[in-house]
Amino acid sequence: MRISRHTVRNFLLRSGTVLALLFMILGTLLILRQDPHMLSAAHLHNSGILLDLAAAAHNNAERQKELQDQALAEYWKALNADPYNPEIWQKVSEYSDILPPDQRNRMKVIRRKIFGTERKL
Amino acid sequence: MKSLFPPAETDLLLYCLLLGVTVFYFAFLPVSNEVLGILTLLWSTALILRLKDLLDFSDRLKRAGHYDYSEQNPSLSLPQNILSQLSHEQYMQRGLTALRSLRFPSIFWIICGLLFAAWGTMMTLFPAIPAPIPAFKNSLDSFVEQATGVAAQTYLYALMTVARRLCILFLIGSSLWLGQSYAYRSPSKTLQLYYIFLLILAFLVNFANENFSILLIIDLSKVSPCGYGWESLNLLQEMKLAPRPLTSASLRALELGSAGLALFYFPLCMNTLSLLRISFDDYERAASAVKGLLVLSILFFSDLYLAASEQMTALWISGWAVFSPYWMRSHRYVRKK
């Protein structure tokens with residue numbers, strides 16, 4: 001049986017349409033699903049603002065504690081959104097006063113590993 | 001503007017606008033997932049519209065007996081006369097030229113692109129990362145779960161990376177194929193200048209990268225067949241386990257391994273050889289082939305010597321768009337006398 005050029009062209013054009021439709025769905029998914037890097041950066045930014053506000057509210061201990069808790073919650077959200085965001089680990093020392101001691105120590109160990117100077121690949 | 005884009009060519013106008021917006025975005029602005037998703041939607045819409053046009057045109061040819069005449073019943077004389085007259089009509093000529101983008105040399109690019117995408121997806125979902133890294137990732141994940149009370153969705157990062165990279169490959173592939181299907185406009189000097197302006201702009205943006213003087217080119221003999229997956233180098237570079245900055249070719253070698261490099265360079269080399277052969281052919285085809293080789297050499301140079309960055313996507317998209325008309329015209333059918 002001889003396959004005509006029209007059949008081949010039709011097949012290619014229809015396959016292309018299906019492929020384009022699949023990428024349309026993929027594009028829609030990318031729009032709907034938030035970028036983890038950007039989400040992490042946004043939470044970290046909010047956390048930084050709250051930390052500054054807490055530092056400014058040093059006359060009101062209760063308010064300061066409340067702001068520090070909120071800053072820590074945002075910091076955890078940033079960590080959960082993208083644990084590989086290097087900025088989170090660079091800022092561990094800024095949060096060392098409000099981090100629970102055991103978690104602070106583990107974070108410092110992880111940070112050393114991330115920014116360590118081990119052998120190159 | 002009106003003479004360049006008559007009403008019948010609104011789809012070409014859409015293609016040029018999309019090309020300009022995409023190249024400018026990648027060259028000068030950070031491309032988030034949302035923006036990439038919107039660009040993918042726009043490009044897939046343009047592609048579907050073009051494919052539908054060509055499908056309609058092909059059906060009309062079928063109804064006119066074009067395929068019956070050329071393949072199944074050469075004795076039919078009426079279609080030959082009519083088609084011979086029609087083939088001098090501008091729209092008929094353009095349609096037939098556009099359908100040439102479905103011939104084997106063009107399909108070869110798409111098949112190679114799909115194979116490369118499949119390999120990259122496999123490497124990203126099942127990376128061949130050396131032993132200390134998965135152990136470190138596990139300890140990091142367990143810490144995140146303990147600290148935040150929610151498990152880290154590591155698999156989601158890999159899926160998002162695959163989706164992002166596939167969309168970028170789709171944009172590059174679409175610019176190449178749509179450029180081929182609009183190759184009938186290649187004599188237009190204004191359009192050529194527009195494409196070349198985009199290419200030079202993207203090249204200069206990449207050339208001006210501050211890392212240019214201290215780039216690291218890795219030893220390819222140490223690269224294993226499998227790689228660490230797309231975008232996996234960010235963490236490795238932070239951990240000082242991988243060098244930084246890297247050229248695009250070096251980054252690809254680490255991300256996708258030597259098999260990924262082979263999948264990437266095999267079609268490029270095959271098509272370069274094909275263009276070299278054509279460059280010794282008749283004058284018009286040779287001129288297009290030489291221009292195509294010039295564009296390919298810019299892309300080769302950038303890939304081997306310029307720093308890997310997001311701006312490189314702008315260069316690839318504009319580069320393939322410039323290349324596509326030359327590719328089509330160098331492979332045009334020449335009737336044997």
# chains A, B, ... in the order shown; residues from 1 in each chain; ligands from 1
call {"tool": "interface_residues", "arguments": {"of": "chain B", "to": "chain A", "cutoff": "8 Å", "atoms": "only C-alpha atoms", "output": "short mmCIF file (atom, residue, chain, number, x, y, z; two decimals) with N, CA and C atoms, in the first residue's frame"}}
result
data_model
loop_
_atom_site.label_atom_id
_atom_site.label_comp_id
_atom_site.auth_asym_id
_atom_site.auth_seq_id
_atom_site.Cartn_x
_atom_site.Cartn_y
_atom_site.Cartn_z
N SER B 32 10.27 34.64 35.08
CA SER B 32 9.69 33.77 36.13
C SER B 32 8.90 32.66 35.45
N ASN B 33 8.45 31.69 36.25
CA ASN B 33 7.64 30.59 35.71
C ASN B 33 6.36 31.10 35.06
N GLU B 34 5.76 32.13 35.68
CA GLU B 34 4.50 32.66 35.17
C GLU B 34 4.70 33.27 33.78
N VAL B 35 5.77 34.06 33.65
CA VAL B 35 6.05 34.71 32.35
C VAL B 35 6.35 33.64 31.30
N LEU B 36 7.13 32.64 31.70
CA LEU B 36 7.46 31.56 30.76
C LEU B 36 6.19 30.82 30.33
N GLY B 37 5.28 30.61 31.29
CA GLY B 37 4.00 29.95 30.98
C GLY B 37 3.20 30.77 29.98
N ILE B 38 3.16 32.11 30.19
CA ILE B 38 2.41 32.98 29.27
C ILE B 38 3.04 32.94 27.87
N LEU B 39 4.38 33.02 27.82
CA LEU B 39 5.07 32.96 26.51
C LEU B 39 4.77 31.63 25.81
N THR B 40 4.78 30.54 26.58
CA THR B 40 4.49 29.22 25.99
C THR B 40 3.07 29.18 25.43
N LEU B 41 2.13 29.76 26.19
CA LEU B 41 0.74 29.80 25.70
C LEU B 41 0.64 30.57 24.39
N SER B 44 2.34 28.59 21.55
CA SER B 44 1.57 27.41 21.13
C SER B 44 0.32 27.84 20.36
N THR B 45 -0.26 28.99 20.74
CA THR B 45 -1.42 29.49 19.99
C THR B 45 -1.00 29.84 18.55
N LEU B 47 1.48 28.67 16.93
CA LEU B 47 1.82 27.42 16.22
C LEU B 47 0.56 26.69 15.76
N ILE B 48 -0.45 26.63 16.64
CA ILE B 48 -1.70 25.93 16.28
C ILE B 48 -2.38 26.64 15.11
N LEU B 51 -0.47 25.78 11.99
CA LEU B 51 -0.69 24.38 11.60
C LEU B 51 -2.07 24.20 10.99
N LYS B 52 -3.06 24.91 11.55
CA LYS B 52 -4.43 24.82 11.01
C LYS B 52 -4.49 25.39 9.59
N LEU B 54 -2.07 25.47 7.41
CA LEU B 54 -1.41 24.53 6.50
C LEU B 54 -2.27 23.29 6.28
N LEU B 55 -2.99 22.87 7.34
CA LEU B 55 -3.88 21.71 7.22
C LEU B 55 -4.99 22.02 6.20
N SER B 58 -3.47 22.09 2.72
CA SER B 58 -3.18 20.74 2.24
C SER B 58 -4.47 20.04 1.79
N ASP B 59 -5.56 20.26 2.55
CA ASP B 59 -6.86 19.67 2.17
C ASP B 59 -7.34 20.24 0.84
N LYS B 62 -5.57 18.65 -1.90
CA LYS B 62 -6.10 17.29 -2.09
C LYS B 62 -7.37 17.35 -2.94
N TYR B 67 -2.42 16.05 -5.36
CA TYR B 67 -1.71 14.83 -4.98
C TYR B 67 -2.00 13.70 -5.97
N GLU B 71 1.14 11.97 -7.88
CA GLU B 71 1.58 10.67 -7.40
C GLU B 71 0.82 9.50 -8.00
N LEU B 102 7.62 20.71 6.07
CA LEU B 102 7.29 19.36 6.55
C LEU B 102 8.16 18.30 5.88
N LEU B 140 19.00 17.35 54.49
CA LEU B 140 18.37 18.67 54.37
C LEU B 140 16.84 18.54 54.40
N ASP B 141 16.34 17.56 53.65
CA ASP B 141 14.88 17.33 53.62
C ASP B 141 14.35 16.99 55.01
N PHE B 143 15.64 17.82 57.86
CA PHE B 143 15.68 19.03 58.70
C PHE B 143 14.49 19.93 58.39
N VAL B 144 14.20 20.10 57.09
CA VAL B 144 13.08 20.98 56.69
C VAL B 144 11.78 20.45 57.28
N ALA B 147 11.80 21.12 61.08
CA ALA B 147 11.70 22.54 61.44
C ALA B 147 10.36 23.15 61.08
N THR B 148 9.84 22.80 59.91
CA THR B 148 8.62 23.47 59.44
C THR B 148 7.37 22.63 59.67
N VAL B 150 6.31 20.43 57.71
CA VAL B 150 5.79 20.02 56.41
C VAL B 150 6.93 19.40 55.61
N ALA B 151 6.67 18.27 54.97
CA ALA B 151 7.72 17.60 54.20
C ALA B 151 8.12 18.45 53.00
N ALA B 152 9.43 18.52 52.73
CA ALA B 152 9.91 19.27 51.55
C ALA B 152 9.54 18.50 50.29
N TYR B 157 10.35 20.14 42.77
CA TYR B 157 11.36 21.02 42.17
C TYR B 157 11.85 20.42 40.85
N MET B 160 9.15 20.82 38.24
CA MET B 160 9.06 22.21 37.79
C MET B 160 10.24 22.56 36.87
N ALA B 163 9.51 21.02 33.53
CA ALA B 163 8.48 21.80 32.82
C ALA B 163 9.07 23.08 32.25
N ARG B 164 9.90 23.76 33.07
CA ARG B 164 10.50 25.03 32.64
C ARG B 164 11.42 24.80 31.43
N CYS B 167 9.56 23.92 28.26
CA CYS B 167 8.92 25.11 27.67
C CYS B 167 9.95 25.95 26.91
N PHE B 170 10.64 24.29 23.76
CA PHE B 170 9.48 24.47 22.88
C PHE B 170 9.54 25.84 22.20
N LEU B 235 23.08 24.12 43.16
CA LEU B 235 23.42 23.66 44.51
C LEU B 235 24.89 23.21 44.56
N GLU B 238 27.10 26.18 44.69
CA GLU B 238 27.10 26.81 46.02
C GLU B 238 27.99 26.02 46.97
N MET B 239 27.98 24.68 46.81
CA MET B 239 28.76 23.82 47.70
C MET B 239 30.22 23.72 47.26
N LYS B 240 30.59 24.53 46.28
CA LYS B 240 31.96 24.55 45.74
C LYS B 240 32.37 23.19 45.18
N LEU B 241 31.37 22.38 44.80
CA LEU B 241 31.68 21.07 44.23
C LEU B 241 31.77 21.14 42.70
N ALA B 242 31.24 22.20 42.14
CA ALA B 242 31.32 22.37 40.69
C ALA B 242 31.85 23.77 40.40
N PRO B 243 32.66 23.91 39.36
CA PRO B 243 33.23 25.23 39.07
C PRO B 243 32.17 26.23 38.59
#
call {"tool": "select_by_dssp", "arguments": {"residues": "chain A", "states": "helix (DSSP H, G or I)", "output": "PyMOL selection string"}}
result
chain A and resi 5-32+36-56+61-81+86-90+93-95+101-114
call {"tool": "closest_residue", "arguments": {"among": "A:Ala54, A:Ile3, A:Ile88, A:Val109", "to": "Gln70 (chain A)", "atoms": "only C-alpha atoms"}}
result
A:Ala54
call {"tool": "closest_residue", "arguments": {"among": "A:Leu39, A:Leu44, A:Ala57, A:Gln64", "to": "Trp89 (chain A)", "atoms": "only C-alpha atoms"}}
result
A:Leu44
call {"tool": "closest_residue", "arguments": {"among": "B:Ser232, B:Ser309, B:Ser330, B:Gln146", "to": "Val205 (chain B)", "atoms": "only C-alpha atoms"}}
result
B:Ser309
call {"tool": "closest_residue", "arguments": {"among": "B:Tyr228, B:Phe136, B:Tyr265, B:Trp316", "to": "Ile200 (chain B)", "atoms": "only C-alpha atoms"}}
result
B:Trp316
call {"tool": "residues_around", "arguments": {"residues": "Asp282 (chain B)", "least_positions_apart": "5", "cutoff": "12 Å", "atoms": "only C-alpha atoms", "output": "list in words"}}
result
Arg277, Ala287, Ser288, Ala289, Val290, Arg329, Ser330, His331, Arg332, Tyr333 and Val334 of chain B
call {"tool": "write_last_selection", "arguments": {"atoms": "all heavy atoms", "output": "PDB file, in the first residue's frame"}}
result
ATOM      1  N   ARG B 277      27.934  21.082   1.993  1.00  0.00           N
ATOM      2  CA  ARG B 277      27.799  20.438   0.689  1.00  0.00           C
ATOM      3  C   ARG B 277      27.044  21.360  -0.274  1.00  0.00           C
ATOM      4  O   ARG B 277      27.447  21.544  -1.422  1.00  0.00           O
ATOM      5  CB  ARG B 277      27.055  19.097   0.838  1.00  0.00           C
ATOM      6  CG  ARG B 277      26.958  18.288  -0.432  1.00  0.00           C
ATOM      7  CD  ARG B 277      26.133  17.040  -0.213  1.00  0.00           C
ATOM      8  NE  ARG B 277      24.764  17.308   0.209  1.00  0.00           N
ATOM      9  CZ  ARG B 277      23.784  17.691  -0.591  1.00  0.00           C
ATOM     10  NH1 ARG B 277      24.025  17.861  -1.881  1.00  0.00           N
ATOM     11  NH2 ARG B 277      22.582  17.907  -0.131  1.00  0.00           N
ATOM     12  N   ALA B 287      24.381  30.680  -1.753  1.00  0.00           N
ATOM     13  CA  ALA B 287      24.381  31.943  -1.000  1.00  0.00           C
ATOM     14  C   ALA B 287      23.612  31.774   0.305  1.00  0.00           C
ATOM     15  O   ALA B 287      24.067  32.204   1.379  1.00  0.00           O
ATOM     16  CB  ALA B 287      23.750  33.041  -1.855  1.00  0.00           C
ATOM     17  N   SER B 288      22.442  31.103   0.228  1.00  0.00           N
ATOM     18  CA  SER B 288      21.657  30.867   1.449  1.00  0.00           C
ATOM     19  C   SER B 288      22.408  29.960   2.409  1.00  0.00           C
ATOM     20  O   SER B 288      22.393  30.170   3.625  1.00  0.00           O
ATOM     21  CB  SER B 288      20.316  30.217   1.098  1.00  0.00           C
ATOM     22  OG  SER B 288      19.559  31.077   0.333  1.00  0.00           O
ATOM     23  N   ALA B 289      23.067  28.931   1.858  1.00  0.00           N
ATOM     24  CA  ALA B 289      23.786  27.980   2.715  1.00  0.00           C
ATOM     25  C   ALA B 289      24.924  28.687   3.452  1.00  0.00           C
ATOM     26  O   ALA B 289      25.134  28.439   4.644  1.00  0.00           O
ATOM     27  CB  ALA B 289      24.341  26.837   1.867  1.00  0.00           C
ATOM     28  N   VAL B 290      25.636  29.581   2.759  1.00  0.00           N
ATOM     29  CA  VAL B 290      26.754  30.288   3.404  1.00  0.00           C
ATOM     30  C   VAL B 290      26.239  31.200   4.514  1.00  0.00           C
ATOM     31  O   VAL B 290      26.815  31.265   5.606  1.00  0.00           O
ATOM     32  CB  VAL B 290      27.560  31.088   2.346  1.00  0.00           C
ATOM     33  CG1 VAL B 290      28.544  32.027   3.010  1.00  0.00           C
ATOM     34  CG2 VAL B 290      28.303  30.131   1.426  1.00  0.00           C
ATOM     35  N   ARG B 329      15.739  27.875   2.232  1.00  0.00           N
ATOM     36  CA  ARG B 329      16.082  28.263   0.863  1.00  0.00           C
ATOM     37  C   ARG B 329      17.292  27.491   0.338  1.00  0.00           C
ATOM     38  O   ARG B 329      17.418  27.272  -0.856  1.00  0.00           O
ATOM     39  CB  ARG B 329      16.345  29.777   0.790  1.00  0.00           C
ATOM     40  CG  ARG B 329      15.084  30.573   1.048  1.00  0.00           C
ATOM     41  CD  ARG B 329      15.300  32.045   0.899  1.00  0.00           C
ATOM     42  NE  ARG B 329      15.447  32.442  -0.494  1.00  0.00           N
ATOM     43  CZ  ARG B 329      14.441  32.538  -1.348  1.00  0.00           C
ATOM     44  NH1 ARG B 329      13.219  32.275  -0.950  1.00  0.00           N
ATOM     45  NH2 ARG B 329      14.644  32.904  -2.585  1.00  0.00           N
ATOM     46  N   SER B 330      18.160  27.068   1.253  1.00  0.00           N
ATOM     47  CA  SER B 330      19.303  26.268   0.788  1.00  0.00           C
ATOM     48  C   SER B 330      18.872  24.840   0.452  1.00  0.00           C
ATOM     49  O   SER B 330      19.551  24.155  -0.299  1.00  0.00           O
ATOM     50  CB  SER B 330      20.416  26.256   1.831  1.00  0.00           C
ATOM     51  OG  SER B 330      19.952  25.648   2.996  1.00  0.00           O
ATOM     52  N   HIS B 331      17.721  24.396   1.010  1.00  0.00           N
ATOM     53  CA  HIS B 331      17.224  23.047   0.723  1.00  0.00           C
ATOM     54  C   HIS B 331      16.043  23.058  -0.240  1.00  0.00           C
ATOM     55  O   HIS B 331      15.252  22.132  -0.263  1.00  0.00           O
ATOM     56  CB  HIS B 331      16.820  22.343   2.018  1.00  0.00           C
ATOM     57  CG  HIS B 331      17.994  21.816   2.766  1.00  0.00           C
ATOM     58  ND1 HIS B 331      18.691  22.586   3.657  1.00  0.00           N
ATOM     59  CD2 HIS B 331      18.621  20.614   2.742  1.00  0.00           C
ATOM     60  CE1 HIS B 331      19.690  21.888   4.161  1.00  0.00           C
ATOM     61  NE2 HIS B 331      19.676  20.696   3.622  1.00  0.00           N
ATOM     62  N   ARG B 332      15.882  24.151  -0.990  1.00  0.00           N
ATOM     63  CA  ARG B 332      14.717  24.202  -1.884  1.00  0.00           C
ATOM     64  C   ARG B 332      14.912  23.211  -3.035  1.00  0.00           C
ATOM     65  O   ARG B 332      16.047  22.875  -3.411  1.00  0.00           O
ATOM     66  CB  ARG B 332      14.497  25.621  -2.399  1.00  0.00           C
ATOM     67  CG  ARG B 332      15.361  26.014  -3.545  1.00  0.00           C
ATOM     68  CD  ARG B 332      15.101  27.453  -3.941  1.00  0.00           C
ATOM     69  NE  ARG B 332      15.458  27.656  -5.329  1.00  0.00           N
ATOM     70  CZ  ARG B 332      16.706  27.733  -5.766  1.00  0.00           C
ATOM     71  NH1 ARG B 332      17.707  27.588  -4.921  1.00  0.00           N
ATOM     72  NH2 ARG B 332      16.959  27.926  -7.043  1.00  0.00           N
ATOM     73  N   TYR B 333      13.757  22.774  -3.566  1.00  0.00           N
ATOM     74  CA  TYR B 333      13.786  21.768  -4.617  1.00  0.00           C
ATOM     75  C   TYR B 333      14.228  22.411  -5.925  1.00  0.00           C
ATOM     76  O   TYR B 333      13.738  23.474  -6.314  1.00  0.00           O
ATOM     77  CB  TYR B 333      12.393  21.153  -4.770  1.00  0.00           C
ATOM     78  CG  TYR B 333      12.274  20.189  -5.905  1.00  0.00           C
ATOM     79  CD1 TYR B 333      12.894  18.939  -5.837  1.00  0.00           C
ATOM     80  CD2 TYR B 333      11.560  20.514  -7.049  1.00  0.00           C
ATOM     81  CE1 TYR B 333      12.797  18.049  -6.889  1.00  0.00           C
ATOM     82  CE2 TYR B 333      11.452  19.620  -8.097  1.00  0.00           C
ATOM     83  CZ  TYR B 333      12.076  18.392  -8.015  1.00  0.00           C
ATOM     84  OH  TYR B 333      11.985  17.512  -9.046  1.00  0.00           O
ATOM     85  N   VAL B 334      15.184  21.779  -6.598  1.00  0.00           N
ATOM     86  CA  VAL B 334      15.625  22.279  -7.917  1.00  0.00           C
ATOM     87  C   VAL B 334      15.282  21.230  -8.959  1.00  0.00           C
ATOM     88  O   VAL B 334      15.676  20.073  -8.842  1.00  0.00           O
ATOM     89  CB  VAL B 334      17.147  22.556  -7.931  1.00  0.00           C
ATOM     90  CG1 VAL B 334      17.584  23.040  -9.293  1.00  0.00           C
ATOM     91  CG2 VAL B 334      17.501  23.564  -6.861  1.00  0.00           C
TER      92      VAL B 334
END
